[in-house]
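Peer 1: File query_29.tsv below, TSV, C-alpha atoms:
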```tsv
chain	number	residue	atom	x	y	z
P	1	MET	CA	109.12	103.24	121.89
P	2	ALA	CA	105.97	102.19	120.02
P	3	ASN	CA	103.81	99.15	120.73
P	4	LEU	CA	102.14	96.49	118.58
P	5	PHE	CA	99.53	98.98	117.31
P	6	ALA	CA	102.25	101.11	115.66
P	7	ILE	CA	101.80	99.68	112.15
P	8	HIS	CA	98.09	100.49	112.10
P	9	SER	CA	98.75	103.84	113.79
P	10	VAL	CA	101.02	105.01	110.95
P	11	GLY	CA	98.51	104.22	108.19
P	12	SER	CA	95.49	105.64	110.00
P	13	SER	CA	97.45	108.76	111.04
P	14	LEU	CA	98.46	109.34	107.43
P	15	ALA	CA	94.85	109.03	106.24
P	16	ILE	CA	93.65	111.40	108.98
P	17	PHE	CA	96.39	113.92	108.18
P	18	LEU	CA	95.39	114.01	104.49
P	19	LYS	CA	91.68	114.23	105.34
P	20	ASN	CA	92.19	117.11	107.79
P	21	THR	CA	94.40	119.12	105.44
P	22	TYR	CA	92.31	118.67	102.28
P	23	PRO	CA	91.44	122.30	101.41
P	24	GLU	CA	87.89	123.59	101.31
P	25	THR	CA	88.37	124.93	97.76
P	26	LEU	CA	88.98	121.38	96.48
P	27	ARG	CA	86.49	119.77	98.87
P	28	THR	CA	83.50	121.67	97.44
P	29	GLN	CA	84.19	120.76	93.80
P	30	HIS	CA	86.00	117.42	94.24
P	31	SER	CA	84.81	115.84	97.47
P	32	CYS	CA	87.05	112.96	98.50
P	33	ASP	CA	87.28	110.46	101.33
P	34	PHE	CA	90.68	109.37	102.70
P	35	ARG	CA	90.94	105.84	104.11
P	36	LEU	CA	93.38	103.18	105.19
P	37	ILE	CA	92.06	99.98	103.65
P	38	SER	CA	92.70	96.25	103.97
P	39	SER	CA	93.17	93.82	101.10
P	40	SER	CA	89.56	92.60	101.42
P	41	GLU	CA	88.28	96.19	101.21
P	42	LEU	CA	90.48	96.80	98.19
P	43	ALA	CA	88.72	93.96	96.36
P	44	GLN	CA	85.42	95.86	96.68
P	45	MET	CA	86.73	99.23	95.51
P	46	GLU	CA	85.89	98.78	91.84
P	47	ASP	CA	82.15	98.78	92.59
P	48	SER	CA	82.27	102.12	94.44
P	49	ASP	CA	81.03	105.32	92.77
P	50	SER	CA	82.46	107.70	95.39
P	51	THR	CA	85.81	109.44	95.13
P	52	MET	CA	88.39	108.11	97.55
P	53	LEU	CA	92.11	108.17	98.17
P	54	SER	CA	93.11	104.84	99.66
P	55	LEU	CA	96.24	103.86	101.54
P	56	PHE	CA	96.97	100.15	101.21
P	57	LEU	CA	99.82	98.55	103.16
P	58	HIS	CA	101.13	96.09	100.59
P	59	ARG	CA	104.45	95.16	102.18
P	60	VAL	CA	106.33	95.26	105.50
P	61	THR	CA	110.12	94.80	105.61
P	62	LEU	CA	112.82	94.85	108.27
P	63	ASN	CA	114.79	98.08	108.17
P	64	GLU	CA	118.16	97.17	106.69
P	65	HIS	CA	120.14	99.64	108.81
P	66	LEU	CA	118.68	98.79	112.22
P	67	ARG	CA	117.93	95.08	111.94
P	68	HIS	CA	121.03	94.06	113.96
P	69	GLU	CA	120.97	96.86	116.53
P	70	ARG	CA	121.86	95.84	120.10
P	71	GLN	CA	121.54	97.79	123.31
P	72	LEU	CA	124.48	97.50	125.71
P	73	ASN	CA	124.90	98.24	129.43
P	74	ASN	CA	121.41	97.16	130.47
P	75	THR	CA	120.97	95.58	133.91
P	76	ARG	CA	118.13	93.58	132.42
P	77	TYR	CA	118.46	92.05	129.02
P	78	ARG	CA	116.29	93.92	126.56
P	79	ALA	CA	116.04	92.73	122.99
P	80	PRO	CA	116.47	95.49	120.42
P	81	PRO	CA	113.25	96.98	119.03
P	82	LEU	CA	111.77	95.49	115.88
P	83	SER	CA	112.62	98.10	113.22
P	84	LEU	CA	110.24	98.07	110.26
P	85	ASP	CA	109.67	99.87	106.95
P	86	LEU	CA	106.02	100.07	105.85
P	87	HIS	CA	105.30	100.13	102.11
P	88	PHE	CA	102.05	101.90	101.20
P	89	LEU	CA	100.29	102.11	97.86
P	90	MET	CA	98.38	105.39	97.57
P	91	THR	CA	95.58	105.15	95.01
P	92	VAL	CA	92.83	107.53	93.91
P	93	TRP	CA	89.44	106.05	92.98
P	94	ALA	CA	87.39	108.52	90.94
P	95	GLN	CA	85.00	108.59	88.00
P	96	SER	CA	86.73	111.47	86.16
P	97	SER	CA	90.36	111.85	85.11
P	98	LEU	CA	90.41	115.45	86.39
P	99	THR	CA	89.40	114.47	89.93
P	100	GLU	CA	91.70	111.44	89.94
P	101	GLN	CA	94.76	113.42	88.88
P	102	LEU	CA	93.95	116.52	90.92
P	103	VAL	CA	93.52	114.62	94.20
P	104	LEU	CA	96.66	112.56	93.59
P	105	ALA	CA	98.72	115.67	92.76
P	106	TRP	CA	97.46	117.43	95.89
P	107	ALA	CA	98.22	114.41	98.14
P	108	MET	CA	101.71	114.00	96.68
P	109	ARG	CA	102.41	117.70	97.26
P	110	GLN	CA	101.20	117.41	100.87
P	111	LEU	CA	103.53	114.49	101.54
P	112	HIS	CA	106.35	116.36	99.81
P	113	LEU	CA	105.85	119.34	102.13
P	114	HIS	CA	105.24	117.25	105.27
P	115	GLN	CA	107.66	114.31	105.10
P	116	VAL	CA	107.67	113.46	108.81
P	117	LEU	CA	104.98	112.18	111.14
P	118	ASP	CA	105.82	113.01	114.76
P	119	LEU	CA	104.06	112.64	118.10
P	120	SER	CA	101.65	115.48	117.24
P	121	SER	CA	100.41	113.73	114.09
P	122	LEU	CA	100.64	110.03	115.10
P	123	SER	CA	97.58	108.47	116.75
P	124	PRO	CA	98.04	107.63	120.44
P	125	GLU	CA	97.15	103.95	119.97
P	126	GLY	CA	100.75	103.34	118.85
P	127	GLY	CA	102.21	104.33	122.23
P	128	TRP	CA	104.77	106.62	120.58
P	129	GLY	CA	107.63	108.18	122.54
P	130	GLN	CA	108.32	111.93	122.64
P	131	ALA	CA	111.23	111.83	120.17
P	132	GLU	CA	109.86	109.22	117.78
P	133	GLN	CA	109.29	110.16	114.15
P	134	VAL	CA	108.29	108.30	111.03
P	135	GLN	CA	109.67	109.55	107.72
P	136	LEU	CA	107.58	109.30	104.53
P	137	ILE	CA	109.67	108.61	101.44
P	138	PRO	CA	108.32	108.29	97.88
P	139	THR	CA	109.61	105.18	96.16
P	140	ASP	CA	109.90	104.28	92.51
P	141	LEU	CA	108.43	100.90	91.69
P	142	SER	CA	109.40	99.33	88.40
P	143	THR	CA	106.65	98.57	85.89
P	144	ASP	CA	107.13	94.89	86.66
P	145	GLU	CA	106.66	95.45	90.41
P	146	ILE	CA	103.54	97.57	89.85
P	147	MET	CA	102.03	94.96	87.54
P	148	ARG	CA	102.80	92.16	90.01
P	149	ILE	CA	101.04	94.04	92.80
P	150	TRP	CA	97.96	94.81	90.72
P	151	ASP	CA	97.84	91.32	89.19
P	152	ALA	CA	97.67	89.90	92.71
P	153	LEU	CA	94.78	92.22	93.58
P	154	LYS	CA	91.19	91.88	92.37
P	155	PRO	CA	90.59	95.41	91.00
P	156	THR	CA	92.13	96.39	87.70
P	157	TYR	CA	95.06	98.82	87.65
P	158	ARG	CA	94.46	102.32	89.00
P	159	LEU	CA	96.73	105.35	89.08
P	160	SER	CA	98.84	104.98	92.22
P	161	VAL	CA	102.12	105.93	93.86
P	162	SER	CA	104.20	104.15	96.45
P	163	TYR	CA	105.58	105.48	99.75
P	164	VAL	CA	107.74	103.95	102.46
P	165	ALA	CA	107.18	104.92	106.09
P	166	ARG	CA	110.41	104.39	108.02
P	167	VAL	CA	111.48	103.61	110.69
P	168	VAL	CA	108.71	102.13	112.83
P	169	GLN	CA	110.30	100.68	115.95
P	170	ILE	CA	108.21	98.29	118.01
P	171	GLU	CA	109.50	97.82	121.55
P	172	ALA	CA	110.43	94.34	122.73
P	173	ASP	CA	109.41	92.99	126.13
P	174	ASP	CA	111.96	92.68	128.94
P	175	VAL	CA	113.55	89.24	129.23
P	176	GLU	CA	115.10	88.07	132.49
P	177	GLU	CA	118.57	86.63	132.04
P	178	PHE	CA	121.26	85.19	134.32
P	179	ARG	CA	123.60	87.77	135.78
P	180	PRO	CA	126.75	88.17	133.67
P	181	VAL	CA	129.97	86.57	134.87
P	182	VAL	CA	132.30	89.35	135.99
P	183	ALA	CA	135.27	87.39	137.32
P	184	THR	CA	136.40	83.85	138.08
P	185	ARG	CA	138.25	83.04	141.34
P	186	ILE	CA	140.69	80.20	141.50
P	187	GLY	CA	142.57	79.71	144.74
P	188	ILE	CA	145.96	78.01	145.22
P	189	GLY	CA	144.54	75.88	148.02
P	190	ASP	CA	142.17	74.30	145.53
P	191	ARG	CA	145.09	73.13	143.39
P	192	MET	CA	146.98	71.60	146.34
P	193	GLU	CA	143.97	69.63	147.46
P	194	VAL	CA	143.62	68.18	143.98
P	195	ALA	CA	147.31	67.17	143.95
P	196	ARG	CA	146.99	65.04	147.14
```
What does the file become when written as structure tokens?
Peer 2:
Amino acid sequence: MANLFAIHSVGSSLAIFLKNTYPETLRTQHSCDFRLISSSELAQMEDSDSTMLSLFLHRVTLNEHLRHERQLNNTRYRAPPLSLDLHFLMTVWAQSSLTEQLVLAWAMRQLHLHQVLDLSSLSPEGGWGQAEQVQLIPTDLSTDEIMRIWDALKPTYRLSVSYVARVVQIEADDVEEFRPVVATRIGIGDRMEVAR
């Protein structure tokens, strides 16, 4: 089960995956950097002249299917893992429409062909387990949602698409708890003594 670095691990692993698979044929004519960026870095993007594909985590939500999961039959009480969905905005920053659209089309095709991040592609900082996987799902944002996101950000609107990375499960710490009550013993002698 992943640790507290899992959220960052997913975004940085995604950026590294795209960077490492960007083909040489495109790299020579349309060089591009791939980065996970914060909201403060996003505010500075408009001034940049270099071509970049950015991944911006704009929202984190509890996974609706696993939010109430409980683990039974534990000798120690263990809270269920925190199950999260990570909402990324993938944006291309380029000076020409050709480069902008070409890089975005290539990245979307890559994520269409490789929809799962597993232990081999997730960075070790997240403390991922052998069987853990994170699925990448394209999402359709309404025009209103897109405009609300970009209105809240400093740069003006740029061509972008949204993806959800699910499910990121962050392990909870062990919590000691009183031993469960298995049976209650009431003896007849106890009743007779009360009656006297």
Peer 1: Could you tell me how far CA of Ile137 in chain P sits from CA of Ala172 in chain P, in Å to one decimal place?
Peer 2: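 Separation between CA of Ala172 in chain P and CA of Ile137 in chain P: 25.6 Å.
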Peer 1: Given all atoms listed in the file as the basis, pick out the residue of P:Leu18, P:Val60, P:Leu42, P:Leu86 nearest to Gln110 in chain P.
Peer 2: P:Leu18
Peer 1: Measure the distance from CA of Leu113 in chain P to CA of Tyr22 in chain P in Å and round it to one decimal.
Peer 2: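 Interatomic distance here is 13.6 Å.
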Peer 1: If I take CA of Arg158 in chain P and CA of Gln44 in chain P, how far is one from the other in Å, to one decimal?
Peer 2: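 Spanning CA of Arg158 in chain P to CA of Gln44 in chain P is a straight-line distance of 13.5 Å.
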Peer 1: Env of range 53-59 of chain P: 9 Å cut, atoms = all atoms listed in the file, seq-sep filter 5 positions within chain, self excluded. Answer as a ChimeraX atom specification.
Peer 2: /P:11-12,14-15,32-39,42,85-94,100,103-104,107,149
Peer 1: Nearest to Glu171 in chain P: which of P:Trp128, P:Phe17, P:Tyr157, P:Trp106 is it, counting only C-alpha atoms?
Peer 2: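 Using only C-alpha atoms, Glu171 in chain P sits closest to P:Trp128.
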Peer 1: I need the residue nearest Ser50 in chain P from this list: P:Thr28, P:Ser96, P:Ala131, P:Asn63. Use all atoms listed in the file for the distance.
Peer 2: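 Between P:Thr28, P:Ser96, P:Ala131, P:Asn63, the residue approaching Ser50 in chain P most closely is P:Ser96.
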Peer 1: Which residues of range 115-141 of chain P come within 8 Å of range 161-164 of chain P, and what is each one's closest atom pair and distance in Å (one decimal), counting all atoms listed in the file, sorted by chain and residue number, as JSON lines?
Peer 2:
```
{"residue": "P:Gln135", "atom": "CA", "partner": "P:Val164", "partner_atom": "CA", "distance": 7.9}
{"residue": "P:Leu136", "atom": "CA", "partner": "P:Val164", "partner_atom": "CA", "distance": 5.7}
{"residue": "P:Ile137", "atom": "CA", "partner": "P:Val164", "partner_atom": "CA", "distance": 5.1}
{"residue": "P:Pro138", "atom": "CA", "partner": "P:Tyr163", "partner_atom": "CA", "distance": 4.3}
{"residue": "P:Thr139", "atom": "CA", "partner": "P:Tyr163", "partner_atom": "CA", "distance": 5.4}
{"residue": "P:Asp140", "atom": "CA", "partner": "P:Ser162", "partner_atom": "CA", "distance": 6.9}
{"residue": "P:Leu141", "atom": "CA", "partner": "P:Ser162", "partner_atom": "CA", "distance": 7.1}
```
Peer 1: Determine the nearest neighbour of Asp151 in chain P from the options P:Ala43, P:Leu66, P:Ala79, P:Leu84, counting only C-alpha atoms.
Peer 2: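 The answer is P:Ala43, which sits nearest to Asp151 in chain P.
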Peer 1: So that I can check the surroundings of Asp118 in chain P, please list as number ranges by chain every protein, DNA and RNA residue that reaches within 7 Å of it, counting all atoms listed in the file and ignoring chain neighbours fewer than 5 positions away.
Peer 2: P: 132-134
Peer 1: Between P:Val168, P:Ala152, P:Leu122, P:Leu111, which residue has the minimum interatomic distance to Ser9 in chain P, considering all atoms listed in the file?
Peer 2: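 Of P:Val168, P:Ala152, P:Leu122, P:Leu111, the one nearest Ser9 in chain P, counting all atoms listed in the file, is P:Leu122.
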Peer 1: Neighbours of Ser83 in chain P within 9 Å (all atoms listed in the file; same-chain residues fewer than 3 positions away dropped), as a PyMOL selection string?
Peer 2: chain P and resi 61-67+80+166-171
Peer 1: Any chance you can output those residues with C-alpha atoms as a JSON list (two decimals), in the frame of the given file?
Peer 2:
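Saved the output as result.json:
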```
[["chain", "number", "residue", "atom", "x", "y", "z"],
["P", 61, "THR", "CA", 110.12, 94.80, 105.61],
["P", 62, "LEU", "CA", 112.82, 94.85, 108.27],
["P", 63, "ASN", "CA", 114.79, 98.08, 108.17],
["P", 64, "GLU", "CA", 118.16, 97.17, 106.69],
["P", 65, "HIS", "CA", 120.14, 99.64, 108.81],
["P", 66, "LEU", "CA", 118.68, 98.79, 112.22],
["P", 67, "ARG", "CA", 117.93, 95.08, 111.94],
["P", 80, "PRO", "CA", 116.47, 95.49, 120.42],
["P", 166, "ARG", "CA", 110.41, 104.39, 108.02],
["P", 167, "VAL", "CA", 111.48, 103.61, 110.69],
["P", 168, "VAL", "CA", 108.71, 102.13, 112.83],
["P", 169, "GLN", "CA", 110.30, 100.68, 115.95],
["P", 170, "ILE", "CA", 108.21, 98.29, 118.01],
["P", 171, "GLU", "CA", 109.50, 97.82, 121.55]]
```
Peer 1: Quick one: of P:Gln130, P:Thr99, P:Ser121, P:Gln29, who's nearest to Met52 in chain P, counting all atoms listed in the file?
Peer 2: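 For Met52 in chain P, the nearest of the candidates is P:Thr99.
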